[in-house]
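Undergrad: Got a structure for you, data_31.txt, holding compact mmCIF, C-alpha atoms.
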```txt
# COMPACT_ATOMS: atom_id res chain seq x y z
CA MET J 18 -73.79 142.75 14.26
CA THR J 19 -74.49 146.41 14.82
CA THR J 20 -76.61 148.72 12.65
CA LEU J 21 -73.45 150.44 11.43
CA GLN J 22 -72.03 147.15 10.16
CA VAL J 23 -75.29 146.25 8.38
CA MET J 24 -75.27 149.69 6.71
CA PHE J 25 -71.64 149.22 5.73
CA ILE J 26 -72.39 145.84 4.11
CA LEU J 27 -75.39 147.24 2.19
CA ILE J 28 -73.42 150.27 0.93
CA SER J 29 -70.47 148.05 -0.02
CA LEU J 30 -72.75 145.72 -1.99
CA ILE J 31 -74.23 148.73 -3.85
CA THR J 32 -70.74 150.10 -4.55
CA LEU J 33 -69.31 146.79 -5.76
CA GLY J 34 -72.46 145.90 -7.71
CA GLY J 35 -72.37 149.26 -9.49
CA GLY J 36 -68.67 148.79 -10.23
CA LEU J 37 -69.20 145.28 -11.58
CA TYR J 38 -72.09 146.47 -13.75
CA THR J 39 -69.85 149.28 -15.05
CA VAL J 40 -67.30 146.84 -16.45
CA ILE J 41 -69.68 144.19 -17.83
CA ALA J 42 -72.68 146.17 -19.16
CA LYS J 43 -73.22 145.89 -22.91
CA ASN J 44 -74.72 149.36 -23.34
CA LEU J 45 -72.14 152.02 -22.49
CA MET J 46 -74.82 154.36 -21.15
CA HIS J 47 -75.80 151.68 -18.64
CA SER J 48 -72.10 151.43 -17.73
CA ALA J 49 -72.04 155.16 -16.99
CA LEU J 50 -75.13 154.83 -14.77
CA GLY J 51 -73.50 151.92 -12.92
CA LEU J 52 -70.42 154.10 -12.44
CA ILE J 53 -72.58 156.85 -10.92
CA LEU J 54 -74.16 154.30 -8.53
CA SER J 55 -70.71 153.08 -7.51
CA LEU J 56 -69.42 156.65 -6.97
CA ALA J 57 -72.47 157.45 -4.83
CA GLY J 58 -71.73 154.32 -2.77
CA VAL J 59 -68.15 155.52 -2.26
CA ALA J 60 -69.53 158.90 -1.11
CA CYS J 61 -71.66 157.01 1.46
CA LEU J 62 -68.54 155.14 2.62
CA TYR J 63 -66.82 158.51 3.18
CA GLY J 64 -69.86 159.48 5.22
CA LEU J 65 -69.50 156.33 7.33
CA LEU J 66 -65.81 157.20 7.81
CA GLU J 67 -66.86 160.66 9.09
CA ALA J 68 -65.09 162.45 6.24
CA SER J 69 -68.04 164.73 5.47
CA PHE J 70 -66.07 167.20 3.35
CA LEU J 71 -64.81 164.44 1.09
CA ALA J 72 -68.31 162.95 0.82
CA GLY J 73 -69.60 166.31 -0.44
CA ALA J 74 -66.62 166.75 -2.74
CA GLN J 75 -67.15 163.24 -4.10
CA VAL J 76 -70.75 164.07 -5.02
CA LEU J 77 -69.78 167.45 -6.53
CA ILE J 78 -66.62 166.43 -8.42
CA TYR J 79 -67.12 162.77 -9.32
CA ILE J 80 -70.89 162.53 -9.81
CA GLY J 81 -71.42 166.17 -10.78
CA ALA J 82 -68.46 166.68 -13.09
CA ILE J 83 -66.56 163.53 -14.08
CA ALA J 84 -69.59 161.25 -14.57
CA ILE J 85 -71.37 163.94 -16.60
CA LEU J 86 -68.20 164.41 -18.68
CA ILE J 87 -68.12 160.65 -19.32
CA ILE J 88 -71.80 160.67 -20.33
CA PHE J 89 -71.02 163.52 -22.74
CA ALA J 90 -68.21 161.46 -24.28
CA VAL J 91 -70.51 158.42 -24.56
CA MET J 92 -73.09 160.52 -26.39
CA LEU J 93 -70.55 162.20 -28.68
CA THR J 94 -69.12 158.83 -29.76
CA ARG J 95 -72.49 157.14 -29.94
CA GLY J 96 -72.35 156.35 -33.68
CA VAL J 97 -69.93 153.47 -33.13
CA MET J 98 -71.43 152.11 -29.92
CA GLY J 99 -72.33 148.43 -30.19
CA SER J 100 -70.55 148.04 -33.53
CA PHE J 101 -67.81 145.91 -31.93
CA PRO J 102 -67.78 143.36 -29.08
CA ARG J 103 -67.56 144.93 -25.63
CA VAL J 104 -64.54 142.88 -24.49
CA ASN J 105 -61.31 142.09 -26.34
CA ASP J 106 -59.80 138.67 -27.04
CA GLN J 107 -57.77 138.67 -23.83
CA TRP J 108 -60.74 138.96 -21.46
CA SER J 109 -60.12 135.52 -19.93
CA TYR J 110 -56.53 136.50 -19.13
CA ALA J 111 -57.87 139.79 -17.75
CA ILE J 112 -60.10 137.86 -15.33
CA ILE J 113 -57.12 135.73 -14.23
CA VAL J 114 -54.90 138.79 -13.74
CA SER J 115 -57.49 140.75 -11.77
CA LEU J 116 -58.38 137.74 -9.58
CA ALA J 117 -54.66 137.09 -8.94
CA LEU J 118 -54.20 140.76 -7.98
CA LEU J 119 -57.20 140.52 -5.65
CA ALA J 120 -55.77 137.35 -4.06
CA VAL J 121 -52.38 139.02 -3.49
CA LEU J 122 -54.03 142.12 -1.97
CA LEU J 123 -56.29 140.07 0.33
CA VAL J 124 -53.49 137.75 1.50
CA THR J 125 -51.24 140.76 2.17
CA LEU J 126 -53.81 142.74 4.12
CA PHE J 127 -54.93 139.78 6.22
CA ARG J 128 -51.34 138.90 7.13
CA PHE J 129 -50.70 142.42 8.43
CA ASN J 130 -51.54 143.12 12.06
CA TRP J 131 -53.96 146.07 11.83
CA PRO J 132 -54.91 147.98 14.98
CA GLN J 133 -58.05 146.46 16.46
CA GLY J 134 -60.97 148.10 18.21
CA ALA J 135 -62.53 151.52 17.95
CA PRO J 136 -60.25 154.31 16.65
CA ALA J 137 -59.76 157.68 18.30
CA ALA J 138 -62.56 160.20 17.86
CA VAL J 139 -62.44 162.59 14.92
CA PRO J 140 -61.75 166.18 16.08
CA ALA J 141 -64.88 168.34 15.83
CA ASP J 142 -63.05 170.92 13.65
CA SER J 143 -61.70 168.37 11.17
CA ILE J 144 -62.91 170.32 8.10
CA ALA J 145 -61.32 173.52 9.40
CA ARG J 146 -58.11 171.56 10.08
CA LEU J 147 -58.16 170.21 6.51
CA GLY J 148 -58.65 173.72 5.13
CA ARG J 149 -55.76 175.08 7.20
CA ALA J 150 -53.52 172.13 6.26
CA LEU J 151 -54.13 172.79 2.55
CA VAL J 152 -52.92 176.41 2.73
CA ASP J 153 -50.27 176.04 5.45
CA PRO J 154 -46.79 176.51 3.92
CA GLY J 155 -45.47 173.90 6.36
CA GLN J 156 -47.93 171.27 5.10
CA TYR J 157 -49.66 171.23 1.71
CA ALA J 158 -49.53 174.77 0.32
CA LEU J 159 -47.08 173.80 -2.44
CA PRO J 160 -48.99 170.67 -3.61
CA PHE J 161 -52.18 172.74 -3.43
CA GLU J 162 -50.75 175.37 -5.80
CA MET J 163 -49.31 172.64 -8.02
CA ALA J 164 -52.80 171.11 -8.23
CA SER J 165 -54.21 174.39 -9.53
CA VAL J 166 -51.40 174.59 -12.13
CA LEU J 167 -52.16 170.98 -13.13
CA LEU J 168 -55.87 171.80 -13.51
CA VAL J 169 -55.14 174.83 -15.70
CA ALA J 170 -52.73 172.79 -17.84
CA ALA J 171 -55.30 169.98 -18.19
CA LEU J 172 -58.02 172.49 -19.08
CA ILE J 173 -55.96 174.23 -21.79
CA GLY J 174 -54.60 170.92 -23.07
CA SER J 175 -57.99 169.27 -23.38
CA ILE J 176 -59.45 172.31 -25.17
CA TYR J 177 -56.50 172.24 -27.59
CA VAL J 178 -56.72 168.46 -28.18
CA ALA J 179 -60.49 168.34 -28.63
CA ARG J 180 -61.00 171.46 -30.76
CA ASP J 181 -61.90 171.22 -34.42
CA LYS J 182 -58.67 171.76 -36.37
CA LYS J 183 -60.22 172.37 -39.79
CA MET M 19 -67.76 149.78 14.89
CA VAL M 20 -66.80 148.53 11.44
CA PRO M 21 -63.29 146.98 11.47
CA LEU M 22 -60.61 148.62 9.31
CA THR M 23 -60.09 145.38 7.34
CA TRP M 24 -63.64 145.53 5.93
CA TYR M 25 -62.91 148.86 4.23
CA LEU M 26 -59.62 147.50 2.89
CA VAL M 27 -61.35 144.39 1.50
CA VAL M 28 -64.03 146.48 -0.24
CA ALA M 29 -61.34 148.77 -1.70
CA ALA M 30 -59.31 145.76 -2.91
CA ILE M 31 -62.35 144.22 -4.64
CA LEU M 32 -63.27 147.57 -6.25
CA PHE M 33 -59.66 148.01 -7.45
CA SER M 34 -59.67 144.52 -9.02
CA ILE M 35 -62.98 145.25 -10.78
CA GLY M 36 -61.39 148.42 -12.19
CA VAL M 37 -58.31 146.48 -13.32
CA PHE M 38 -60.54 143.98 -15.12
CA GLY M 39 -62.42 146.83 -16.85
CA VAL M 40 -59.18 148.46 -17.99
CA LEU M 41 -57.71 145.19 -19.29
CA ALA M 42 -60.80 143.67 -20.92
CA ARG M 43 -62.98 146.43 -22.39
CA ARG M 44 -62.56 147.52 -26.01
CA ASN M 45 -64.30 150.87 -25.79
CA ALA M 46 -61.88 153.64 -24.75
CA VAL M 47 -64.55 155.41 -22.68
CA ALA M 48 -65.20 152.17 -20.74
CA ILE M 49 -61.46 151.92 -20.02
CA LEU M 50 -61.58 155.44 -18.53
CA MET M 51 -64.49 154.31 -16.33
CA GLY M 52 -62.31 151.43 -15.07
CA ILE M 53 -59.57 153.91 -14.19
CA GLU M 54 -62.10 156.00 -12.23
CA LEU M 55 -63.09 152.88 -10.25
CA MET M 56 -59.42 152.19 -9.42
CA LEU M 57 -58.86 155.80 -8.25
CA ASN M 58 -61.94 155.55 -6.04
CA ALA M 59 -60.69 152.31 -4.48
CA VAL M 60 -57.41 154.02 -3.59
CA ASN M 61 -59.34 156.95 -2.10
CA ILE M 62 -61.37 154.61 0.13
CA ASN M 63 -58.07 153.23 1.45
CA LEU M 64 -56.65 156.72 2.09
CA VAL M 65 -59.72 157.90 3.98
CA ALA M 66 -60.01 154.62 5.96
CA PHE M 67 -56.35 154.89 7.05
CA TRP M 68 -56.92 158.52 8.04
CA ARG M 69 -59.96 157.57 10.14
CA TYR M 70 -58.46 154.52 11.85
CA LEU M 71 -54.78 155.39 12.24
CA GLN M 72 -54.40 159.18 12.57
CA PRO M 73 -57.72 161.06 12.70
CA ASP M 74 -56.05 164.11 14.28
CA LYS M 75 -53.70 164.65 11.31
CA MET M 76 -55.17 165.55 7.95
CA VAL M 77 -52.70 163.60 5.76
CA GLY M 78 -55.20 161.05 4.44
CA GLN M 79 -57.92 163.54 3.61
CA ALA M 80 -55.44 165.93 1.94
CA PHE M 81 -54.09 163.12 -0.25
CA ALA M 82 -57.64 162.04 -1.15
CA ALA M 83 -58.40 165.64 -2.18
CA PHE M 84 -55.30 165.67 -4.43
CA VAL M 85 -56.43 162.36 -5.96
CA PHE M 86 -59.74 164.11 -6.79
CA VAL M 87 -57.84 166.87 -8.60
CA VAL M 88 -55.69 164.44 -10.58
CA ALA M 89 -58.75 162.32 -11.45
CA ALA M 90 -60.57 165.39 -12.78
CA ALA M 91 -57.56 166.40 -14.91
CA GLU M 92 -57.14 162.81 -16.16
CA ALA M 93 -60.81 162.50 -17.12
CA ALA M 94 -60.79 165.82 -19.00
CA VAL M 95 -57.62 165.09 -20.99
CA GLY M 96 -58.56 161.44 -21.62
CA LEU M 97 -62.00 162.28 -22.94
CA ALA M 98 -60.59 165.08 -25.09
CA LEU M 99 -58.17 162.56 -26.63
CA ILE M 100 -61.00 160.07 -27.23
CA ILE M 101 -63.15 162.73 -28.91
CA SER M 102 -60.20 163.82 -31.04
CA VAL M 103 -59.51 160.22 -32.12
CA TYR M 104 -63.19 159.71 -32.85
CA ARG M 105 -63.31 162.85 -34.98
CA ASN M 106 -60.27 161.82 -37.03
CA ARG M 107 -60.79 158.04 -37.37
CA SER M 108 -64.46 157.48 -36.45
CA THR M 109 -63.64 154.80 -33.88
CA VAL M 110 -63.29 154.47 -30.11
CA ASP M 111 -62.28 150.78 -30.30
CA VAL M 112 -58.81 150.48 -28.75
CA GLU M 113 -58.05 147.46 -30.95
CA ASN M 114 -58.05 149.91 -33.89
CA ILE M 115 -56.16 152.72 -32.12
CA ASP M 116 -52.72 151.22 -32.79
CA TRP M 117 -50.91 153.80 -34.98
CA LEU M 118 -48.15 154.23 -32.39
CA LYS M 119 -47.43 150.50 -32.25
CA TRP M 120 -44.32 150.47 -34.51
```
Show this structure as structure tokens.
TA:
Amino acid sequence: MTTLQVMFILISLITLGGGLYTVIAKNLMHSALGLILSLAGVACLYGLLEASFLAGAQVLIYIGAIAILIIFAVMLTRGVMGSFPRVNDQWSYAIIVSLALLAVLLVTLFRFNWPQGAPAAVPADSIARLGRALVDPGQYALPFEMASVLLVAALIGSIYVARDKK
Amino acid sequence: MVPLTWYLVVAAILFSIGVFGVLARRNAVAILMGIELMLNAVNINLVAFWRYLQPDKMVGQAFAAFVFVVAAAEAAVGLALIISVYRNRSTVDVENIDWLKW
């Protein structure tokens, strides 16, 4: 087993442990911290996959923005935290459904014949290629512009929904 | 080198954890956290396929970047809805958020 594989296993355990703690923690603030741990583990996985831009974006957007937004929401709704059980009555069925989904996914992906061995090397200018692909009219310029429209719509919509209407 | 299947297995387990969180938790904010876990699992898959199948084309990374954008928009709107519900009804328990049921 190479060093890379050992690192992968450690990072995966951190990611999955953080994710599991997120869904079972009693205190919602602890859940948010578990989520941050899991997101940081995913950023490390991007690093292992040599997607350095996405690793940085993961830290900036997920840990820097979304996790902080979730912590804000936890704090703003703190008055009712712990006043009801953390799982609903169907939690046993939820375990069955998620384990069944996991079994289907694992069986499917082990039956498929994935390419073995080391993949081709990542081009040295992969970040520049990504940047060009995002603004190239032949590739992703239209989805890129649509994404900015979506962000503006979400921004205005969330301000409208969350504002005090009195 | 880490085999491609290892990444896919980790992503599948993370997705199932997120599904369990969405189905079982009662707090609306915790459900949003489950959705974030599921989106991250999908992103791991996209980036792993980019790295192992076509590292010279940027399809996987571009899709992962768009998933980031949609996740940010979803988190902002979802949390705004939760805060609005909390302000009007003083609850974030989804068992009590059932006014659209019939």
Undergrad: Taking all atoms listed in the file into account, which residues of chain M are within 7 Å of chain J, as a PyMOL selection string?
TA: chain M and resi 19-20+27-28+30-32+34-35+37-39+41-45+47+52+55+66+69-70+73-74+76+80+87+90-91+93-95+97-99+101-102+104+109
Undergrad: Can you pull out every residue within 6 Å of Val65 in chain M, counting all atoms listed in the file, but drop anything in the same chain fewer than 2 positions away, and send it as a PyMOL selection string?
TA: chain M and resi 62-63+67-68+78-79
Undergrad: Quick one: distance from CA of Leu57 in chain M to CA of Val124 in chain J in Å, one decimal?
TA: 21.2 Å
Undergrad: Can you tell me how far CA of Ala83 in chain M sits from CA of Cys61 in chain J, in Å to one decimal?
TA: 16.2 Å
Undergrad: In Å, rounded to a single decimal, give me how far CA of Gly81 in chain J is from CA of Asp111 in chain M.
TA: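 We find that CA of Asp111 in chain M and CA of Gly81 in chain J lie 26.5 Å from each other.
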